[in-house]
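Visitor: One structure, as structure tokens, below. Some questions next.
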Amino acid sequence: MSRIGKVPVALPSGVTATTEGQILSVKGPKGTLTMPMMDDISYGIEDGRIVVEPANGTKRARSFWGMHRTLVQNLVTGVTDGFTKTLEITGVGYRAAAQGKNLRLQLGYSHDVNIAVPDDLTVATPDQTTVVISGNDRQRVGQLAAEVRQWRKPEPYKGKGIKYRGEFIFRKEGKKK
């Protein structure tokens with residue numbers, strides 16, 4: 001039995017959920033998000049909450065139960081609060097600047113790195129070494145943050161690179177003389 005899947009997803013005031021065919025859509029103050037429904041999972045909307053249960057007793061249905069409940073919770077959280085990822089840039093001469101719908105990174109290469117930001121996401125740079133990515137879709141926010149981070153992953157000797165805020169970088173000792 002899934003302990004996560006047993007708990008219904010509460011719909012806050014101002015949020016509505018509907019099903020059309022095989023699509024679950026959640027609408028709230030920050031927009032509308034949709035998710036394709038799975039045949040092995042049954043979704044019920046009742047009394048201001050969404051109940052996710054396995055449609056049958058198969059192992060496949062039980063294994064997807066908790067994950068789909070979490071995906072529904074991410075939809076509800078996205079249309080009410082939204083999601084944010086903060087990246088920190090460490091290194092001499094490394095900096096970032098948001099320019100309209102582009103993010104310009106200077107990471108020690110011979111050229112600047114320009115990353116196009118999708119329309120549904122916003123990128124802010126409060127200072128030159130911090131990048132804040134926000135939006136209502138958790139998967140898209142995380143994907144853009146991972147794409148930015150892959151340009152210069154943190155290295156273990158000096159700690160230079162792009163890391164998530166709160167991420168611990170295991171530091172290694174250099175050569176001994």
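Each chain of the structure tokens is named A, B, ... in the order shown, its residues numbered from 1; ligands are numbered from 1 in display order.
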Within 7 Å of region 95-98 of chain A, which residues of region 107-158 of chain A come that close, and what is the closest atom pair and distance in Å for each? Count only C-alpha atoms and give it as a Markdown table.
Guide:
```
| residue | atom | partner | partner_atom | distance |
| --- | --- | --- | --- | --- |
| A:Leu107 | CA | A:Arg95 | CA | 6.8 |
| A:Val123 | CA | A:Ala98 | CA | 6.6 |
| A:Ala124 | CA | A:Ala98 | CA | 6.1 |
| A:Thr125 | CA | A:Ala98 | CA | 6.0 |
| A:Gln128 | CA | A:Arg95 | CA | 5.0 |
| A:Thr129 | CA | A:Arg95 | CA | 5.4 |
```
Visitor: Residues within 12 Å of Leu105 (chain A), please, as JSON, numbers by chain. Count only C-alpha atoms; anything in the same chain fewer than 2 positions from it doesn't count.
Guide: {"A": [89, 93, 94, 95, 96, 97, 98, 99, 102, 103, 107, 108, 109, 110, 111, 112, 113, 114, 115, 116, 125, 128, 129, 130, 131, 148, 149, 151, 152, 161, 162]}
Visitor: Can you work out the spacing between CA of Ala145 (chain A) and CA of Pro36 (chain A) in Å, to one decimal?
Guide: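 Separation between CA of Ala145 (chain A) and CA of Pro36 (chain A): 24.1 Å.
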Visitor: Give me every strand (DSSP E) residue in chain A, going by DSSP on the backbone, as a PyMOL selection string.
Guide: chain A and resi 9-10+16-20+23-28+31-36+41-46+49-54+83-90+95-99+102-106+113-116+121-124+130-135+161-164
Visitor: Which residues are near Phe83 (chain A)? Cut-off 6 Å, only C-alpha atoms, ignore same chain within fewer than 5 positions. Put them as a list in words.
Guide: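 So the residues in contact are Ser134, Gly135, Asn136 and Arg138 of chain A.
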Visitor: Can you work out the spacing between CA of Glu167 (chain A) and CA of Ile133 (chain A) in Å, to one decimal?
Guide: 16.0 Å
